[in-house]
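What's in target_13.txt: compact mmCIF, C-alpha atoms and all ligand atoms
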# COMPACT_ATOMS: atom_id res chain seq x y z
CA MET A 1 54.74 213.14 10.94
CA THR A 2 50.94 212.68 10.96
CA THR A 3 49.32 210.05 13.17
CA LEU A 4 49.78 206.46 12.11
CA TYR A 5 47.28 205.29 9.51
CA THR A 6 45.99 201.80 10.27
CA GLY A 7 43.71 201.20 7.31
CA ASN A 8 40.47 202.85 8.38
CA GLY A 9 40.12 204.97 5.22
CA PRO A 10 38.74 206.31 3.02
CA ASP A 11 36.41 209.00 4.36
CA LYS A 12 32.92 209.51 2.90
CA SER A 13 34.27 211.39 -0.11
CA GLY A 14 36.81 208.72 -0.90
CA PHE A 15 39.90 210.39 0.54
CA PHE A 16 42.72 208.68 2.37
CA GLY A 17 44.04 211.82 4.07
CA GLU A 18 44.71 214.14 1.14
CA PHE A 19 44.91 211.28 -1.39
CA GLY A 20 42.24 209.67 -3.54
CA GLY A 21 38.89 211.29 -4.23
CA CYS A 22 36.85 211.17 -7.40
CA TYR A 23 38.01 213.62 -10.06
CA MET A 24 35.79 212.48 -12.93
CA PRO A 25 33.58 214.01 -15.64
CA GLU A 26 30.01 214.78 -14.52
CA SER A 27 28.68 212.13 -16.92
CA LEU A 28 30.28 209.34 -14.88
CA MET A 29 29.31 210.55 -11.42
CA PRO A 30 25.93 208.76 -11.31
CA ALA A 31 27.60 205.47 -12.32
CA LEU A 32 30.29 205.83 -9.67
CA GLN A 33 27.67 206.66 -7.06
CA ASP A 34 25.67 203.58 -8.10
CA LEU A 35 28.77 201.48 -7.79
CA GLU A 36 29.52 202.86 -4.35
CA ARG A 37 25.97 202.26 -3.17
CA GLU A 38 25.89 198.66 -4.44
CA PHE A 39 29.32 197.93 -3.01
CA ASN A 40 28.28 199.25 0.40
CA ILE A 41 25.28 196.91 0.32
CA ILE A 42 27.20 193.75 -0.57
CA ARG A 43 30.02 194.63 1.78
CA ASN A 44 27.78 193.79 4.72
CA LYS A 45 26.07 190.79 3.15
CA ALA A 46 27.25 187.41 4.39
CA GLU A 47 25.81 185.61 1.31
CA PHE A 48 27.95 187.71 -1.02
CA TRP A 49 31.16 186.81 0.79
CA THR A 50 30.16 183.15 0.97
CA GLU A 51 29.76 183.06 -2.81
CA TYR A 52 33.02 184.97 -3.34
CA ARG A 53 34.92 182.56 -1.06
CA GLN A 54 33.33 179.54 -2.74
CA ILE A 55 34.56 180.64 -6.17
CA LEU A 56 38.00 181.41 -4.77
CA THR A 57 38.14 177.89 -3.34
CA ASP A 58 36.73 175.88 -6.24
CA PHE A 59 37.82 177.92 -9.26
CA VAL A 60 40.90 179.88 -8.19
CA GLY A 61 42.38 177.22 -5.89
CA ARG A 62 42.58 179.22 -2.65
CA PRO A 63 43.84 179.34 -0.02
CA SER A 64 47.22 179.87 -1.63
CA PRO A 65 50.00 178.21 0.41
CA LEU A 66 52.36 180.10 2.69
CA PHE A 67 55.66 178.43 1.85
CA TYR A 68 58.74 178.51 4.06
CA ALA A 69 61.56 179.13 1.58
CA LYS A 70 64.27 177.30 3.46
CA ASN A 71 66.86 177.38 0.70
CA LEU A 72 66.36 181.05 0.01
CA THR A 73 66.58 181.73 3.74
CA MET A 74 69.93 179.90 3.90
CA TYR A 75 71.06 181.74 0.78
CA ALA A 76 70.24 185.14 2.30
CA GLY A 77 71.53 184.25 5.75
CA GLY A 78 69.25 185.95 8.27
CA ALA A 79 65.52 186.10 8.90
CA LYS A 80 63.23 183.25 7.80
CA ILE A 81 61.60 184.01 4.44
CA TYR A 82 58.04 182.86 3.77
CA LEU A 83 56.42 183.17 0.33
CA LYS A 84 52.70 183.78 -0.09
CA ARG A 85 52.08 181.75 -3.24
CA GLU A 86 49.71 183.91 -5.31
CA ASP A 87 51.55 182.47 -8.32
CA LEU A 88 49.60 179.25 -7.78
CA ASN A 89 46.21 180.88 -8.36
CA HIS A 90 44.29 180.02 -11.52
CA THR A 91 45.59 182.37 -14.28
CA GLY A 92 48.89 182.69 -12.40
CA ALA A 93 48.67 185.85 -10.32
CA HIS A 94 46.73 187.71 -7.64
CA LYS A 95 44.63 189.66 -10.18
CA ILE A 96 41.92 186.99 -10.26
CA ASN A 97 40.93 187.65 -6.61
CA ASN A 98 39.72 191.13 -7.52
CA CYS A 99 38.10 189.96 -10.78
CA VAL A 100 35.99 187.36 -8.96
CA GLY A 101 34.69 189.94 -6.50
CA GLN A 102 33.94 192.57 -9.11
CA ILE A 103 32.21 190.24 -11.56
CA LEU A 104 29.83 189.18 -8.78
CA LEU A 105 29.16 192.85 -8.12
CA ALA A 106 28.57 193.50 -11.85
CA LYS A 107 26.06 190.62 -12.01
CA LEU A 108 24.18 191.95 -9.00
CA MET A 109 24.04 195.38 -10.66
CA GLY A 110 22.45 193.80 -13.72
CA LYS A 111 25.25 194.75 -16.11
CA THR A 112 25.59 192.74 -19.32
CA ARG A 113 28.96 193.87 -20.59
CA ILE A 114 32.37 194.10 -18.91
CA ILE A 115 35.24 196.35 -19.94
CA ALA A 116 38.76 196.53 -18.52
CA GLU A 117 42.18 198.01 -19.17
CA THR A 118 45.31 195.91 -19.24
CA GLY A 119 49.05 196.53 -19.44
CA ALA A 120 51.01 193.30 -19.61
CA GLY A 121 47.76 191.47 -20.16
CA GLN A 122 47.53 189.77 -16.76
CA HIS A 123 44.47 191.72 -15.66
CA GLY A 124 42.97 191.31 -19.14
CA VAL A 125 43.36 187.54 -18.95
CA ALA A 126 41.89 187.38 -15.43
CA THR A 127 38.94 189.52 -16.54
CA ALA A 128 38.35 187.48 -19.70
CA THR A 129 38.46 184.36 -17.53
CA VAL A 130 35.73 185.44 -15.11
CA CYS A 131 33.65 186.74 -18.06
CA ALA A 132 33.81 183.29 -19.65
CA LEU A 133 32.81 181.72 -16.34
CA PHE A 134 29.84 184.05 -15.91
CA LYS A 135 28.90 184.34 -19.60
CA LEU A 136 29.29 188.10 -19.87
CA LYS A 137 30.47 190.04 -22.93
CA CYS A 138 34.01 191.28 -22.47
CA THR A 139 36.05 194.05 -24.10
CA ILE A 140 39.67 194.61 -23.06
CA TYR A 141 41.58 197.80 -23.87
CA MET A 142 45.29 197.33 -24.38
CA GLY A 143 47.92 199.75 -25.68
CA GLU A 144 49.29 198.92 -29.13
CA THR A 145 52.86 198.67 -27.83
CA ASP A 146 51.74 196.18 -25.18
CA VAL A 147 49.71 194.19 -27.74
CA HIS A 148 52.95 193.59 -29.63
CA ARG A 149 55.03 192.92 -26.51
CA GLN A 150 52.51 190.53 -24.95
CA GLN A 151 51.09 188.62 -27.92
CA MET A 152 50.59 185.45 -25.86
CA ASN A 153 48.24 187.18 -23.42
CA VAL A 154 46.33 188.71 -26.34
CA ASP A 155 45.83 185.21 -27.73
CA ARG A 156 44.72 183.93 -24.34
CA MET A 157 42.12 186.71 -23.97
CA LYS A 158 40.75 186.02 -27.46
CA LEU A 159 40.57 182.30 -26.82
CA LEU A 160 38.62 183.04 -23.65
CA GLY A 161 36.09 184.93 -25.77
CA ALA A 162 37.09 188.55 -25.15
CA GLU A 163 37.40 191.28 -27.73
CA VAL A 164 40.80 192.99 -27.48
CA LYS A 165 40.89 196.61 -28.58
CA SER A 166 44.35 197.88 -29.43
CA VAL A 167 44.86 201.52 -28.36
CA LYS A 168 47.03 203.56 -30.71
CA LYS A 169 46.95 206.82 -28.75
CA GLY A 170 49.95 208.03 -26.73
CA ARG A 171 52.75 205.53 -26.35
CA GLY A 172 50.27 202.68 -26.49
CA THR A 173 50.72 201.48 -22.92
CA LEU A 174 48.60 201.00 -19.80
CA LYS A 175 47.88 204.69 -19.17
CA ASP A 176 46.43 205.05 -22.69
CA ALA A 177 44.43 201.83 -22.35
CA MET A 178 42.90 203.11 -19.13
CA ASN A 179 41.93 206.43 -20.81
CA GLU A 180 40.15 204.52 -23.58
CA ALA A 181 38.35 202.21 -21.17
CA LEU A 182 37.05 205.26 -19.28
CA ARG A 183 35.91 206.78 -22.59
CA ASP A 184 34.01 203.59 -23.48
CA TRP A 185 32.41 203.59 -20.02
CA ILE A 186 31.17 207.16 -20.47
CA SER A 187 29.29 206.19 -23.65
CA ASN A 188 27.93 202.82 -22.44
CA VAL A 189 27.45 203.36 -18.76
CA ASP A 190 23.93 201.86 -18.57
CA THR A 191 24.88 198.38 -19.73
CA THR A 192 28.57 198.29 -18.93
CA TYR A 193 30.61 197.55 -15.83
CA TYR A 194 34.19 198.84 -15.72
CA LEU A 195 36.31 196.19 -13.99
CA LEU A 196 39.37 198.14 -12.85
CA GLY A 197 42.46 196.06 -12.17
CA THR A 198 44.45 197.78 -9.45
CA GLY A 199 44.00 199.88 -6.33
CA ALA A 200 44.01 203.14 -8.31
CA GLY A 201 41.31 205.07 -10.20
CA PRO A 202 38.43 207.14 -8.82
CA HIS A 203 36.60 206.40 -5.57
CA PRO A 204 35.22 203.79 -4.85
CA TYR A 205 37.60 201.61 -6.92
CA PRO A 206 40.64 201.78 -4.61
CA THR A 207 38.46 200.53 -1.75
CA ILE A 208 36.71 197.85 -3.82
CA VAL A 209 39.97 196.41 -5.14
CA ARG A 210 41.54 196.46 -1.67
CA GLU A 211 38.59 194.65 -0.11
CA PHE A 212 38.77 191.90 -2.76
CA GLN A 213 42.57 191.53 -2.44
CA LYS A 214 42.57 191.50 1.37
CA ILE A 215 42.05 187.74 1.24
CA ILE A 216 45.84 187.47 0.69
CA GLY A 217 46.68 189.04 4.05
CA ILE A 218 43.78 187.42 5.90
CA GLU A 219 45.02 183.98 4.85
CA ALA A 220 48.68 184.84 5.44
CA LYS A 221 47.94 185.97 8.99
CA ASN A 222 46.22 182.68 9.88
CA GLN A 223 48.92 180.66 8.15
CA ILE A 224 51.89 182.33 9.83
CA LEU A 225 50.24 182.05 13.25
CA LEU A 226 49.83 178.30 12.67
CA LYS A 227 53.41 177.85 11.50
CA GLU A 228 55.30 180.24 13.75
CA ASN A 229 52.92 180.91 16.60
CA LYS A 230 53.57 184.63 16.21
CA LEU A 231 53.04 187.44 13.73
CA PRO A 232 55.74 188.17 11.15
CA ASP A 233 58.35 190.88 11.69
CA ALA A 234 58.21 192.22 8.14
CA LEU A 235 56.09 192.15 4.99
CA VAL A 236 57.41 192.78 1.49
CA ALA A 237 55.44 193.24 -1.75
CA CYS A 238 56.02 194.85 -5.12
CA VAL A 239 54.03 197.96 -6.02
CA GLY A 240 52.67 198.69 -9.50
CA GLY A 241 49.27 200.23 -8.90
CA GLY A 242 49.56 198.71 -5.46
CA SER A 243 46.85 196.05 -5.21
CA ASN A 244 48.87 192.96 -4.25
CA ALA A 245 50.80 194.99 -1.67
CA LEU A 246 47.62 196.36 -0.09
CA GLY A 247 46.03 192.93 -0.19
CA LEU A 248 48.86 191.47 1.86
CA MET A 249 49.46 194.44 4.15
CA HIS A 250 46.01 195.77 4.98
CA PRO A 251 45.00 193.01 7.43
CA PHE A 252 48.27 193.61 9.32
CA LEU A 253 48.19 197.43 9.46
CA GLN A 254 47.01 197.58 13.06
CA ASP A 255 49.86 195.36 14.19
CA THR A 256 52.22 198.30 14.41
CA ASN A 257 55.32 196.27 15.28
CA ILE A 258 55.35 194.74 11.82
CA LYS A 259 57.57 196.58 9.36
CA MET A 260 56.23 196.86 5.83
CA PHE A 261 58.06 197.46 2.58
CA GLY A 262 56.57 198.40 -0.79
CA VAL A 263 58.99 197.73 -3.62
CA GLU A 264 58.71 199.98 -6.66
CA ALA A 265 60.35 199.40 -10.02
CA GLY A 266 63.70 201.15 -10.13
CA GLY A 267 64.10 200.40 -13.87
CA LYS A 268 67.55 201.45 -15.06
CA GLY A 269 68.09 203.28 -11.75
CA THR A 270 65.98 205.90 -9.94
CA ASN A 271 68.30 208.66 -11.14
CA SER A 272 68.25 207.51 -14.77
CA GLY A 273 64.85 208.95 -15.62
CA GLU A 274 63.86 205.46 -16.75
CA HIS A 275 62.01 203.91 -13.83
CA ALA A 276 58.52 203.61 -12.37
CA ALA A 277 59.19 204.68 -8.78
CA SER A 278 56.08 206.88 -8.46
CA ILE A 279 56.40 207.31 -4.70
CA SER A 280 60.15 207.40 -4.30
CA LYS A 281 60.62 209.80 -7.21
CA GLY A 282 57.19 211.21 -8.07
CA ARG A 283 55.04 214.16 -7.04
CA VAL A 284 51.41 214.49 -6.06
CA GLY A 285 48.92 215.11 -8.87
CA VAL A 286 45.71 213.83 -10.44
CA LEU A 287 45.55 210.92 -12.90
CA HIS A 288 42.65 208.61 -13.73
CA GLY A 289 40.33 210.25 -11.24
CA ASN A 290 42.39 210.30 -8.07
CA LEU A 291 44.99 212.43 -6.37
CA THR A 292 48.14 210.46 -5.74
CA TYR A 293 51.88 210.15 -6.34
CA LEU A 294 52.68 210.28 -10.05
CA LEU A 295 55.67 210.43 -12.33
CA GLN A 296 55.46 213.90 -13.84
CA ASP A 297 57.68 216.60 -15.27
CA SER A 298 57.91 220.15 -13.90
CA ASP A 299 54.85 221.18 -15.98
CA GLY A 300 52.75 218.40 -14.49
CA GLN A 301 52.85 216.30 -17.67
CA ILE A 302 52.60 212.59 -16.83
CA LEU A 303 55.80 210.77 -17.75
CA ASP A 304 56.04 207.21 -19.01
CA GLY A 305 57.16 204.68 -16.46
CA HIS A 306 59.89 202.20 -17.31
CA SER A 307 60.45 198.76 -15.87
CA ILE A 308 61.60 195.42 -17.22
CA SER A 309 58.33 194.08 -15.78
CA ALA A 310 55.31 195.34 -17.69
CA GLY A 311 53.10 194.99 -14.59
CA LEU A 312 55.03 197.63 -12.68
CA ASP A 313 55.38 200.41 -15.25
CA TYR A 314 52.19 202.36 -14.41
CA PRO A 315 53.26 205.98 -13.74
CA GLY A 316 51.14 206.26 -10.60
CA VAL A 317 50.14 204.37 -7.50
CA GLY A 318 46.86 203.79 -5.66
CA PRO A 319 45.94 206.60 -3.23
CA GLU A 320 46.01 204.48 -0.07
CA HIS A 321 49.74 204.05 -0.62
CA GLY A 322 49.99 207.85 -0.51
CA ILE A 323 48.85 207.97 3.08
CA LEU A 324 50.80 204.84 4.05
CA PHE A 325 53.89 206.60 2.75
CA GLU A 326 53.24 210.00 4.31
CA THR A 327 52.49 208.53 7.73
CA GLY A 328 55.54 206.29 7.58
CA ARG A 329 53.53 203.10 8.07
CA VAL A 330 54.99 201.54 4.92
CA THR A 331 58.53 202.17 3.71
CA TYR A 332 58.89 202.42 -0.07
CA VAL A 333 62.07 201.31 -1.75
CA ALA A 334 63.10 200.72 -5.36
CA VAL A 335 64.73 197.68 -6.97
CA ASN A 336 66.22 198.08 -10.44
CA ASP A 337 65.88 195.82 -13.50
CA GLU A 338 69.24 194.16 -12.97
CA ASP A 339 68.57 193.16 -9.36
CA ALA A 340 65.08 191.94 -10.27
CA VAL A 341 66.48 189.72 -13.04
CA ASN A 342 69.05 188.36 -10.57
CA ALA A 343 66.34 187.55 -8.03
CA PHE A 344 64.30 185.91 -10.82
CA GLN A 345 67.17 183.48 -11.35
CA ILE A 346 68.01 183.05 -7.66
CA LEU A 347 64.48 182.01 -6.67
CA SER A 348 64.24 179.66 -9.66
CA GLN A 349 67.49 177.95 -8.71
CA GLN A 350 67.12 177.98 -4.95
CA GLU A 351 63.49 176.91 -4.64
CA GLY A 352 62.31 175.64 -8.02
CA ILE A 353 59.87 178.53 -8.26
CA ILE A 354 59.99 180.86 -11.26
CA PRO A 355 58.56 184.18 -10.04
CA ALA A 356 56.93 186.87 -12.16
CA LEU A 357 59.41 189.66 -12.82
CA GLU A 358 57.13 191.92 -10.81
CA SER A 359 57.37 189.62 -7.80
CA ALA A 360 61.13 189.25 -8.36
CA HIS A 361 61.45 192.89 -7.28
CA ALA A 362 60.01 191.93 -3.89
CA ILE A 363 62.24 188.86 -3.68
CA ALA A 364 65.34 190.95 -4.39
CA TYR A 365 64.48 193.34 -1.57
CA ALA A 366 63.57 190.53 0.83
CA ILE A 367 66.98 188.89 0.34
CA LYS A 368 68.64 192.17 1.28
CA LEU A 369 66.33 192.74 4.23
CA ALA A 370 66.71 189.19 5.59
CA LYS A 371 70.47 189.65 5.86
CA GLU A 372 69.94 192.61 8.20
CA MET A 373 67.56 190.65 10.44
CA ARG A 374 68.01 187.87 13.01
CA PRO A 375 67.37 184.13 12.31
CA GLU A 376 64.42 184.00 14.74
CA GLN A 377 62.66 186.78 12.83
CA THR A 378 60.32 186.18 9.88
CA ILE A 379 59.46 187.93 6.64
CA ILE A 380 56.44 187.28 4.42
CA VAL A 381 56.98 188.12 0.76
CA ASN A 382 54.03 188.27 -1.57
CA LEU A 383 54.86 186.15 -4.59
CA SER A 384 52.27 187.96 -6.71
CA GLY A 385 52.57 185.84 -9.85
CA ARG A 386 54.41 183.18 -11.79
CA GLY A 387 57.15 183.94 -14.25
CA ASP A 388 56.54 181.75 -17.31
CA LYS A 389 55.32 184.87 -19.12
CA ASP A 390 58.69 186.56 -18.54
CA LEU A 391 61.12 183.96 -19.90
CA ASN A 392 61.59 185.76 -23.22
CA THR A 393 62.07 189.14 -21.59
CA VAL A 394 64.72 187.76 -19.25
CA LYS A 395 66.47 185.90 -22.05
CA LYS A 396 66.65 189.08 -24.10
CA TYR A 397 67.85 191.12 -21.13
CA LEU A 398 70.61 188.64 -20.33
CA SER A 399 71.78 188.62 -23.94
CA GLY A 400 72.08 192.41 -23.86
CA VAL A 401 69.03 193.33 -25.92
CA THR A 402 66.88 195.94 -24.15
CA GLU A 403 63.51 197.31 -25.21
C1 LIG B 501 49.76 193.36 -12.27
C2 LIG B 501 50.79 192.69 -11.46
C3 LIG B 501 51.49 193.38 -10.43
C4 LIG B 501 51.32 194.83 -10.15
O1 LIG B 501 50.06 195.25 -9.80
P1 LIG B 501 49.65 195.66 -8.32
O2 LIG B 501 48.32 196.29 -8.48
O3 LIG B 501 50.69 196.63 -7.82
O4 LIG B 501 49.63 194.44 -7.52
C5 LIG B 501 52.39 192.66 -9.66
N1 LIG B 501 52.63 191.35 -9.89
C6 LIG B 501 51.99 190.67 -10.86
C7 LIG B 501 52.31 189.22 -11.06
C8 LIG B 501 51.05 191.30 -11.68
O5 LIG B 501 50.43 190.62 -12.65
What does this structure look like when you write it as structure tokens?
Amino acid sequence: MTTLYTGNGPDKSGFFGEFGGCYMPESLMPALQDLEREFNIIRNKAEFWTEYRQILTDFVGRPSPLFYAKNLTMYAGGAKIYLKREDLNHTGAHKINNCVGQILLAKLMGKTRIIAETGAGQHGVATATVCALFKLKCTIYMGETDVHRQQMNVDRMKLLGAEVKSVKKGRGTLKDAMNEALRDWISNVDTTYYLLGTGAGPHPYPTIVREFQKIIGIEAKNQILLKENKLPDALVACVGGGSNALGLMHPFLQDTNIKMFGVEAGGKGTNSGEHAASISKGRVGVLHGNLTYLLQDSDGQILDGHSISAGLDYPGVGPEHGILFETGRVTYVAVNDEDAVNAFQILSQQEGIIPALESAHAIAYAIKLAKEMRPEQTIIVNLSGRGDKDLNTVKKYLSGVTE
């Protein structure tokens, strides 16, 4: 096993060990270098972070509470379970943290138009929201299949003033939307800022997104120290592209006694071929400009991910998770659709909190983990979003209709 990675990446070329990098067409290299340069400037500017924090406080509603889930703890019977309530953010998930940071960056770079990709529509809604706030033109790329599955989020984006472009290529899901957004960026790079939604993509995006999501872990660390007078014993978060997990975990990486668990979507089971467990079941390859774990067949063709939660079905994962996996710092596990739907109901009934189906994967694993731990130990689970958007999906699943 390589030496423990404690979050000091990437190197100058954007690599976290062997993962990451910037595998992009020549035409985009100047734009990515611009972005990197500007980000490195603001990264060390106190005024930038003051403005970012101010918007998070006044507009997003941060800090998000760290809630001791007493009933869930009793239900599980073991370690104390705390929930980091990202579901209480404006727009209902953690995605807005990253959007606030990147829109400030876009403004500083003098860009007049924002583009983004979206899968379930959560990142699209968060992007359209900050574009309305900052009066910037907004175009969201969304796969045709997702447009039909997530009509409500399409309506929200339009109401917020965004143009939603339905992508008919491929299977019409997130991977195809991301390809189209990159294509748009290539032709409009002078005026346009690409606001990427998760810790994946070419360097410097994985670092940018991580730095803007780190607020989750920074707050959680202060909060748990106030409540428990000690650091937690374990952290649990779901992993789609990996941004909410990194946001929670990164500020704790140097505390090597804390165990960390990334929960991937096990879909219909990790041996069924219908899942989105890119780390547990994938292989290393290049997609969307970075080298990372991907779902692919023996010829290197990217496979479609499956999960009951649309936010977890991306067939890859951000490159920093690659090194966290290979060095053993984070353990990656999979939770299938059925167990996620169960946890969705359990948290609703035990605590009066309806979690996003994505977050329900983390809850399901945390219940299992808590049972194996002692009552004086603590777990922080990232409750990445709220579940109102998933009621129909769960209803259908429970009545036996599957997509
Ligand atoms: C998008 C989304 C995720 C997955 O994305 P990450 O980048 O892995 O965090 C998880 N939970 C919710 C609520 C989401 O909207």
Within 9 Å of stretch 168-184 of chain A, counting all atoms listed in the file, which residues show up once you throw out same-chain ones fewer than 4 positions away? Write them as an MDAnalysis selection string, please.
chainID A and resid 115:120 139:147 188:189 192 194 196 288 304 313:315
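Pairwise distance (atom CA of A:Phe19, atom CA of A:Pro319) equals 5.1 Å.
Nearest residue to ligand LIG 501 (chain B), choosing from A:Leu133, A:Ala364, A:Ile216, A:Leu383 and counting all atoms listed in the file: A:Leu383.
Atom pair atom CA of A:Ser13 / atom CA of A:Arg37 has a distance of 12.7 Å (rounded to one decimal).
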All residues within 7 Å of ligand LIG 501 (chain B) are required, counting only C-alpha atoms and all ligand atoms; please report them as an MDAnalysis selection string.
chainID A and resid 93:95 122:123 197:199 238:245 311:312 356 358:359 384:386
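Computed from the coordinates, the atom CA of A:Gly300 to atom CA of A:Pro25 distance equals 19.7 Å.
Using all atoms listed in the file for every distance, the candidate list A:Val130, A:Ile323, A:Val394, A:Ala220 yields A:Ala220 as the residue closest to A:Arg85.
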Taking into account all atoms listed in the file, which residue in the set A:Gly101, A:Pro204, A:Pro251, A:Gly267 is nearest to A:Glu51?
A:Gly101
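Residues in contact with stretch 76-80 of chain A at up to 10 Å, not including ones fewer than 4 positions away on its chain and judged by all atoms listed in the file, are Tyr68, Ala69, Lys70, Asn71, Leu72, Pro232, Asp233, Ala234, Ala366, Ile367, Lys368, Leu369, Ala370, Lys371, Glu372, Met373, Arg374, Pro375, Glu376, Gln377, Thr378, Ile379 and Ile380 of chain A.
Closest to A:Pro355 among A:Lys389, A:Ser64, A:Lys12, A:Gly282 is A:Lys389, based on all atoms listed in the file.
Distances from A:Lys281, A:His306, A:His203, A:Lys135 to A:Cys22 were compared using all atoms listed in the file, and the smallest one belongs to A:His203.
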For a quick check of your reading of the model, name the residues lying within 10 Å of the coordinate (23.1, 195.4, -9.5), counting only C-alpha atoms, and write them as a PDB file with C-alpha atoms, in the coordinates of the input.
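The new file part_34.pdb reads:
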ATOM      1  CA  ASP A  34      25.670 203.580  -8.100  1.00  0.00           C
ATOM      2  CA  LEU A  35      28.770 201.480  -7.790  1.00  0.00           C
ATOM      3  CA  ARG A  37      25.970 202.260  -3.170  1.00  0.00           C
ATOM      4  CA  GLU A  38      25.890 198.660  -4.440  1.00  0.00           C
ATOM      5  CA  PHE A  39      29.320 197.930  -3.010  1.00  0.00           C
ATOM      6  CA  ILE A  42      27.200 193.750  -0.570  1.00  0.00           C
ATOM      7  CA  LEU A 104      29.830 189.180  -8.780  1.00  0.00           C
ATOM      8  CA  LEU A 105      29.160 192.850  -8.120  1.00  0.00           C
ATOM      9  CA  ALA A 106      28.570 193.500 -11.850  1.00  0.00           C
ATOM     10  CA  LYS A 107      26.060 190.620 -12.010  1.00  0.00           C
ATOM     11  CA  LEU A 108      24.180 191.950  -9.000  1.00  0.00           C
ATOM     12  CA  MET A 109      24.040 195.380 -10.660  1.00  0.00           C
ATOM     13  CA  GLY A 110      22.450 193.800 -13.720  1.00  0.00           C
ATOM     14  CA  LYS A 111      25.250 194.750 -16.110  1.00  0.00           C
TER      15      LYS A 111
END
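Remark: for A:Arg62, the closest of the candidate residues A:Leu195, A:Leu226, A:Ile96, A:Leu136 is A:Ile96 (distances computed over only C-alpha atoms).
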Spatial neighbours of A:Ala277, max dist 6 Å, all atoms listed in the file, sep filter under 4 positions, as an MDAnalysis selection string
chainID A and resid 264:266 281
What lies within 8 Å of A:Ile279 using only C-alpha atoms, ignoring chain neighbours under 5 positions off, as number ranges by chain?
A: 264, 293-294, 316-317, 322, 325, 332
What's the 10 Å shell around A:Asp297, counting only C-alpha atoms, without same-chain residues fewer than 5 positions away, as a ChimeraX atom specification?
/A:282-283,302-303
